[in-house]
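J.: So that you have it, the file is entry.txt, and it contains compact mmCIF, C-alpha atoms:
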# COMPACT_ATOMS: atom_id res chain seq x y z
CA GLY A 67 -34.41 -4.31 -17.91
CA ASP A 68 -33.85 -2.88 -14.46
CA SER A 69 -35.81 0.24 -13.58
CA VAL A 70 -36.58 2.67 -10.76
CA THR A 71 -39.84 4.58 -10.30
CA GLN A 72 -40.09 7.34 -7.72
CA THR A 73 -42.54 10.05 -6.74
CA GLU A 74 -42.59 12.27 -9.77
CA GLY A 75 -42.41 16.02 -10.02
CA GLN A 76 -42.49 18.34 -7.04
CA VAL A 77 -43.34 17.86 -3.40
CA ALA A 78 -44.11 20.95 -1.32
CA LEU A 79 -44.09 20.77 2.47
CA SER A 80 -43.90 23.12 5.40
CA GLU A 81 -41.11 22.98 7.96
CA GLU A 82 -41.54 20.16 10.52
CA ASP A 83 -43.80 18.19 8.16
CA PHE A 84 -43.25 14.47 7.69
CA LEU A 85 -41.68 13.51 4.37
CA THR A 86 -42.18 10.40 2.28
CA ILE A 87 -40.80 10.04 -1.23
CA HIS A 88 -41.83 6.74 -2.79
CA CYS A 89 -39.36 4.56 -4.65
CA ASN A 90 -40.17 1.24 -6.29
CA TYR A 91 -37.81 -0.84 -8.34
CA SER A 92 -37.83 -3.64 -10.85
CA ALA A 93 -34.78 -5.91 -10.94
CA SER A 94 -33.87 -9.53 -10.42
CA GLY A 95 -32.15 -10.80 -7.32
CA TYR A 96 -30.98 -8.34 -4.68
CA PRO A 97 -29.97 -5.07 -6.30
CA ALA A 98 -28.22 -2.46 -4.17
CA LEU A 99 -30.49 0.53 -3.56
CA PHE A 100 -29.39 4.11 -2.95
CA TRP A 101 -30.68 7.55 -2.16
CA TYR A 102 -28.88 10.65 -3.41
CA VAL A 103 -29.58 14.34 -2.85
CA GLN A 104 -28.69 17.21 -5.16
CA TYR A 105 -28.61 20.80 -3.95
CA PRO A 106 -28.75 23.67 -6.46
CA GLY A 107 -25.48 24.18 -8.33
CA GLU A 108 -23.92 20.97 -7.01
CA GLY A 109 -23.57 17.38 -8.11
CA PRO A 110 -25.65 14.66 -6.43
CA GLN A 111 -24.43 13.54 -3.01
CA PHE A 112 -24.72 10.01 -1.70
CA LEU A 113 -27.12 9.78 1.27
CA PHE A 114 -27.14 6.07 2.07
CA ARG A 115 -27.60 2.58 0.66
CA ALA A 116 -29.05 -0.83 1.49
CA SER A 117 -28.26 -4.19 -0.05
CA ARG A 118 -30.51 -6.81 1.54
CA ASP A 119 -34.10 -7.29 2.54
CA LYS A 120 -35.19 -5.36 5.66
CA GLU A 121 -31.89 -3.46 5.86
CA LYS A 122 -32.37 0.16 6.89
CA GLY A 123 -30.19 2.91 5.54
CA SER A 124 -30.06 6.31 7.22
CA SER A 125 -28.22 9.62 7.19
CA ARG A 126 -28.89 13.22 8.25
CA GLY A 127 -32.29 12.27 9.65
CA PHE A 128 -33.41 10.54 6.46
CA GLU A 129 -34.05 6.82 6.36
CA ALA A 130 -35.36 4.07 4.10
CA THR A 131 -35.89 0.33 4.51
CA TYR A 132 -35.25 -2.23 1.79
CA ASN A 133 -38.48 -4.13 1.19
CA LYS A 134 -37.99 -6.95 -1.28
CA GLU A 135 -41.58 -8.18 -1.16
CA ALA A 136 -42.93 -4.74 -2.03
CA THR A 137 -39.85 -3.92 -4.19
CA SER A 138 -39.65 -0.58 -2.42
CA PHE A 139 -37.13 1.73 -0.75
CA HIS A 140 -39.18 4.76 0.34
CA LEU A 141 -37.34 7.79 1.71
CA GLN A 142 -38.69 9.27 4.95
CA LYS A 143 -37.85 12.07 7.33
CA ALA A 144 -39.82 12.91 10.44
CA SER A 145 -39.42 16.67 10.39
CA VAL A 146 -38.15 18.48 7.31
CA GLN A 147 -36.31 21.80 7.33
CA GLU A 148 -36.06 24.50 4.70
CA SER A 149 -32.45 23.41 4.11
CA ASP A 150 -33.74 20.01 2.93
CA SER A 151 -35.07 21.64 -0.24
CA ALA A 152 -33.31 19.77 -3.03
CA VAL A 153 -33.77 17.09 -5.67
CA TYR A 154 -33.80 13.53 -4.34
CA TYR A 155 -32.90 10.51 -6.45
CA CYS A 156 -33.55 6.87 -5.78
CA ALA A 157 -31.04 4.64 -7.57
CA LEU A 158 -30.40 0.98 -8.20
CA ARG A 159 -27.26 -0.96 -8.96
CA GLY A 160 -27.95 -4.24 -10.62
CA GLY A 161 -25.99 -7.40 -10.13
CA ASP A 162 -23.50 -9.26 -12.28
CA THR A 163 -23.45 -7.83 -15.81
CA ASN A 164 -25.09 -4.60 -14.64
CA ALA A 165 -22.82 -4.08 -11.65
CA TYR A 166 -21.09 -1.06 -13.14
CA LYS A 167 -24.31 0.61 -14.10
CA VAL A 168 -26.41 2.60 -11.66
CA ILE A 169 -29.92 3.45 -12.76
CA PHE A 170 -31.35 6.65 -11.34
CA GLY A 171 -35.01 7.51 -10.91
CA LYS A 172 -36.30 10.71 -12.46
CA GLY A 173 -35.77 12.72 -9.30
CA THR A 174 -38.22 14.35 -6.89
CA HIS A 175 -38.01 18.10 -6.27
CA LEU A 176 -38.65 18.82 -2.60
CA HIS A 177 -39.60 22.37 -1.63
CA VAL A 178 -39.82 23.09 2.07
CA LEU A 179 -41.55 26.34 2.93
CA PRO A 180 -40.54 28.24 6.08
CA GLU B 121 -8.60 17.81 -0.47
CA THR B 122 -10.10 14.57 -1.72
CA ALA B 123 -12.96 15.01 -4.15
CA VAL B 124 -14.04 14.95 -7.79
CA PHE B 125 -12.99 17.99 -9.79
CA GLN B 126 -14.38 19.11 -13.13
CA THR B 127 -13.30 21.81 -15.54
CA PRO B 128 -14.62 24.04 -16.90
CA ASN B 129 -17.65 25.02 -14.82
CA TYR B 130 -19.43 26.50 -17.84
CA HIS B 131 -18.91 26.45 -21.56
CA VAL B 132 -20.82 28.28 -24.27
CA THR B 133 -20.14 27.35 -27.88
CA GLN B 134 -21.59 27.32 -31.36
CA VAL B 135 -23.13 24.40 -33.21
CA GLY B 136 -20.47 22.34 -34.96
CA ASN B 137 -17.59 23.19 -32.63
CA GLU B 138 -15.55 20.66 -30.65
CA VAL B 139 -15.44 20.78 -26.86
CA SER B 140 -13.58 18.86 -24.16
CA PHE B 141 -14.35 18.47 -20.51
CA ASN B 142 -11.95 17.28 -17.85
CA CYS B 143 -12.51 15.26 -14.72
CA LYS B 144 -10.08 14.28 -12.00
CA GLN B 145 -10.71 12.40 -8.78
CA THR B 146 -8.40 12.28 -5.79
CA LEU B 147 -10.37 9.66 -3.88
CA GLY B 148 -8.28 6.71 -4.99
CA HIS B 149 -11.24 5.13 -6.78
CA ASP B 150 -10.86 2.82 -9.74
CA THR B 151 -14.19 3.43 -11.49
CA MET B 152 -15.31 6.65 -13.12
CA TYR B 153 -18.47 7.72 -14.92
CA TRP B 154 -19.90 10.41 -17.15
CA TYR B 155 -23.56 11.36 -16.80
CA LYS B 156 -25.71 13.79 -18.74
CA GLN B 157 -28.30 15.77 -16.78
CA ASP B 158 -31.00 17.60 -18.73
CA SER B 159 -32.99 20.67 -17.78
CA LYS B 160 -35.56 18.50 -15.97
CA LYS B 161 -32.78 17.06 -13.80
CA LEU B 162 -33.00 13.67 -15.48
CA LEU B 163 -29.71 11.78 -14.98
CA LYS B 164 -28.52 9.48 -17.72
CA ILE B 165 -25.31 7.48 -17.64
CA MET B 166 -23.15 7.79 -20.73
CA PHE B 167 -19.92 5.95 -20.01
CA SER B 168 -18.24 4.03 -17.22
CA TYR B 169 -14.56 3.18 -16.91
CA ASN B 170 -12.89 0.73 -14.54
CA ASN B 171 -9.10 0.91 -14.29
CA LYS B 172 -8.92 2.79 -17.59
CA GLN B 173 -11.06 0.19 -19.38
CA LEU B 174 -14.44 1.11 -20.87
CA ILE B 175 -17.09 -0.92 -19.07
CA VAL B 176 -20.37 0.76 -19.90
CA ASN B 177 -21.06 2.57 -23.14
CA GLU B 178 -24.66 3.59 -23.40
CA THR B 179 -26.28 4.48 -26.67
CA VAL B 180 -24.88 7.94 -27.19
CA PRO B 181 -24.12 9.67 -30.48
CA ARG B 182 -20.71 8.83 -31.93
CA ARG B 183 -19.61 12.44 -31.61
CA PHE B 184 -19.13 11.74 -27.88
CA SER B 185 -15.86 10.05 -26.95
CA PRO B 186 -14.44 9.45 -23.48
CA GLN B 187 -10.71 9.36 -22.81
CA SER B 188 -8.96 7.91 -19.78
CA SER B 189 -5.24 8.41 -19.25
CA ASP B 190 -5.18 6.77 -15.84
CA LYS B 191 -7.74 5.68 -13.29
CA ALA B 192 -7.87 9.14 -11.72
CA HIS B 193 -8.73 11.01 -14.92
CA LEU B 194 -11.65 10.71 -17.31
CA ASN B 195 -12.22 13.31 -20.00
CA LEU B 196 -15.10 13.74 -22.42
CA ARG B 197 -14.79 15.08 -25.94
CA ILE B 198 -17.73 16.14 -28.06
CA LYS B 199 -16.92 16.50 -31.71
CA SER B 200 -19.25 18.84 -33.58
CA VAL B 201 -21.77 19.78 -30.89
CA GLU B 202 -25.51 19.93 -31.54
CA PRO B 203 -28.17 22.05 -29.75
CA GLU B 204 -29.49 18.96 -27.97
CA ASP B 205 -26.10 18.55 -26.31
CA SER B 206 -26.90 21.52 -24.07
CA ALA B 207 -26.97 20.02 -20.58
CA VAL B 208 -24.94 19.58 -17.41
CA TYR B 209 -22.28 16.89 -17.69
CA LEU B 210 -21.50 15.22 -14.40
CA CYS B 211 -18.45 13.13 -13.63
CA ALA B 212 -18.49 10.63 -10.79
CA SER B 213 -16.26 7.98 -9.27
CA SER B 214 -16.66 4.96 -7.05
CA SER B 215 -14.65 2.18 -5.52
CA GLY B 216 -14.99 -0.98 -7.55
CA THR B 217 -18.43 -2.06 -8.54
CA GLY B 218 -19.50 0.19 -5.63
CA TYR B 219 -21.43 1.35 -3.85
CA GLU B 220 -21.70 5.00 -3.49
CA GLN B 221 -20.67 7.33 -6.28
CA TYR B 222 -19.06 10.68 -5.64
CA PHE B 223 -19.97 13.40 -8.10
CA GLY B 224 -18.20 16.49 -9.27
CA PRO B 225 -20.03 19.83 -9.50
CA GLY B 226 -20.69 19.40 -13.22
CA THR B 227 -19.93 21.29 -16.41
CA ARG B 228 -22.82 23.24 -17.90
CA LEU B 229 -22.70 23.25 -21.70
CA THR B 230 -24.75 25.69 -23.74
CA VAL B 231 -24.82 25.23 -27.51
CA LEU B 232 -26.04 28.25 -29.45
Would you mind writing the file out in structure tokens?

T.:
Amino acid sequence: GDSVTQTEGQVALSEEDFLTIHCNYSASGYPALFWYVQYPGEGPQFLFRASRDKEKGSSRGFEATYNKEATSFHLQKASVQESDSAVYYCALRGGDTNAYKVIFGKGTHLHVLP
Amino acid sequence: ETAVFQTPNYHVTQVGNEVSFNCKQTLGHDTMYWYKQDSKKLLKIMFSYNNKQLIVNETVPRRFSPQSSDKAHLNLRIKSVEPEDSAVYLCASSSGTGYEQYFGPGTRLTVL
């Protein structure tokens, strides 16, 4: 079945560091790919999505490019801030019979130190 | 205010009791979801409704039952809770087969 694999566990960075959280997927066709962010005590928030090869999604300084050949959708940010500390989820929405089902990765805990 | 609202925020109960959680969205969406999030922040979809019709029903114990009165409301009932039901239950909605999902703040359930 469809699946999403992302950088596991915790990532610790200092402010102004460059961030990459890896996300790879397994699905047929062209699944829609998403990034969500969850701050403590809140539900996940949609960051952005991409639906076709080479499409770039971006929001709040974060970006990711749909790469069908590499089956990847890595999240990047040039200069992180302490306020970016949160859990980040890569997600996939399959096509056709799986269109109502979004599969989330296991989440990556980002800690940004001042 | 347009958003996804969940009640209660927290609920503590004993093993074997019945609990109900409520979810309402004012975004005009036609698809709603229930997710379970464990202590490691793992998100797992439980149910999905589109226009009051059950679309996705993952393998969850039969003591869990969703209820939808209209496309803006989706409740979750747990009959006879177990310790492993302790988790945060998140409600979400989206437009159609969408696209982005909008989540509520969650209901934290603790089963003693």

J.: Quick one: which residues from chain B are at most 9 Å off chain A, using all atoms listed in the file, as an MDAnalysis selection string?

T.: chainID B and resid 151 160:165 168:170 175:176 210:212 216:226

J.: From the options B:Ala207, B:Val124, B:Leu232, B:Met152, which residue's atoms come nearest to Lys191 (chain B), counting all atoms listed in the file?

T.: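 Going through B:Ala207, B:Val124, B:Leu232, B:Met152 one by one, the smallest distance to Lys191 (chain B) is for B:Met152.
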
J.: Pick the closest to Gln72 (chain A) from A:Ala144, A:Ala157, A:Ala93, A:Val178: which is it, counting all atoms listed in the file?

T.: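 Going through A:Ala144, A:Ala157, A:Ala93, A:Val178 one by one, the smallest distance to Gln72 (chain A) is for A:Ala157.
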
J.: Pick out the residues sitting within 12 Å of Leu194 (chain B), and hand them over as a PDB file with C-alpha atoms, keeping the file's coordinate frame; count only C-alpha atoms, and ignore anything fewer than 4 positions along from it in its own chain.

T.:
ATOM      1  CA  VAL B 124     -14.040  14.950  -7.790  1.00  0.00           C
ATOM      2  CA  PHE B 125     -12.990  17.990  -9.790  1.00  0.00           C
ATOM      3  CA  GLN B 126     -14.380  19.110 -13.130  1.00  0.00           C
ATOM      4  CA  THR B 127     -13.300  21.810 -15.540  1.00  0.00           C
ATOM      5  CA  SER B 140     -13.580  18.860 -24.160  1.00  0.00           C
ATOM      6  CA  PHE B 141     -14.350  18.470 -20.510  1.00  0.00           C
ATOM      7  CA  ASN B 142     -11.950  17.280 -17.850  1.00  0.00           C
ATOM      8  CA  CYS B 143     -12.510  15.260 -14.720  1.00  0.00           C
ATOM      9  CA  LYS B 144     -10.080  14.280 -12.000  1.00  0.00           C
ATOM     10  CA  GLN B 145     -10.710  12.400  -8.780  1.00  0.00           C
ATOM     11  CA  HIS B 149     -11.240   5.130  -6.780  1.00  0.00           C
ATOM     12  CA  ASP B 150     -10.860   2.820  -9.740  1.00  0.00           C
ATOM     13  CA  THR B 151     -14.190   3.430 -11.490  1.00  0.00           C
ATOM     14  CA  MET B 152     -15.310   6.650 -13.120  1.00  0.00           C
ATOM     15  CA  TYR B 153     -18.470   7.720 -14.920  1.00  0.00           C
ATOM     16  CA  TRP B 154     -19.900  10.410 -17.150  1.00  0.00           C
ATOM     17  CA  TYR B 155     -23.560  11.360 -16.800  1.00  0.00           C
ATOM     18  CA  PHE B 167     -19.920   5.950 -20.010  1.00  0.00           C
ATOM     19  CA  SER B 168     -18.240   4.030 -17.220  1.00  0.00           C
ATOM     20  CA  TYR B 169     -14.560   3.180 -16.910  1.00  0.00           C
ATOM     21  CA  ASN B 170     -12.890   0.730 -14.540  1.00  0.00           C
ATOM     22  CA  ASN B 171      -9.100   0.910 -14.290  1.00  0.00           C
ATOM     23  CA  LYS B 172      -8.920   2.790 -17.590  1.00  0.00           C
ATOM     24  CA  GLN B 173     -11.060   0.190 -19.380  1.00  0.00           C
ATOM     25  CA  LEU B 174     -14.440   1.110 -20.870  1.00  0.00           C
ATOM     26  CA  SER B 185     -15.860  10.050 -26.950  1.00  0.00           C
ATOM     27  CA  PRO B 186     -14.440   9.450 -23.480  1.00  0.00           C
ATOM     28  CA  GLN B 187     -10.710   9.360 -22.810  1.00  0.00           C
ATOM     29  CA  SER B 188      -8.960   7.910 -19.780  1.00  0.00           C
ATOM     30  CA  SER B 189      -5.240   8.410 -19.250  1.00  0.00           C
ATOM     31  CA  ASP B 190      -5.180   6.770 -15.840  1.00  0.00           C
ATOM     32  CA  LEU B 210     -21.500  15.220 -14.400  1.00  0.00           C
ATOM     33  CA  CYS B 211     -18.450  13.130 -13.630  1.00  0.00           C
ATOM     34  CA  ALA B 212     -18.490  10.630 -10.790  1.00  0.00           C
ATOM     35  CA  SER B 213     -16.260   7.980  -9.270  1.00  0.00           C
ATOM     36  CA  GLY B 224     -18.200  16.490  -9.270  1.00  0.00           C
TER      37      GLY B 224
END

J.: How many Å lie between CA of Ser94 (chain A) and CA of Leu141 (chain A), rounded to one decimal?

T.: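 Between CA of Ser94 (chain A) and CA of Leu141 (chain A) the gap is 21.4 Å.
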
J.: Would you mind listing what lies within 8 Å of Ser206 (chain B) as a PyMOL selection string, with all atoms listed in the file counted and same-chain residues fewer than 6 positions away left out?

T.: chain B and resi 158+228-231

J.: Could you check which residues have any atom within 12 Å of (-40.8, -9.2, 0.3), counting only C-alpha atoms with coordinates taken straight from the file, and then list them as a ChimeraX atom specification?

T.: /A:95-96,118-121,131-139

J.: Grab the CA of Ile87 (chain A) to CA of Ser214 (chain B) distance for me, in Å with one decimal place.

T.: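 CA of Ile87 (chain A) sits 25.3 Å away from CA of Ser214 (chain B).
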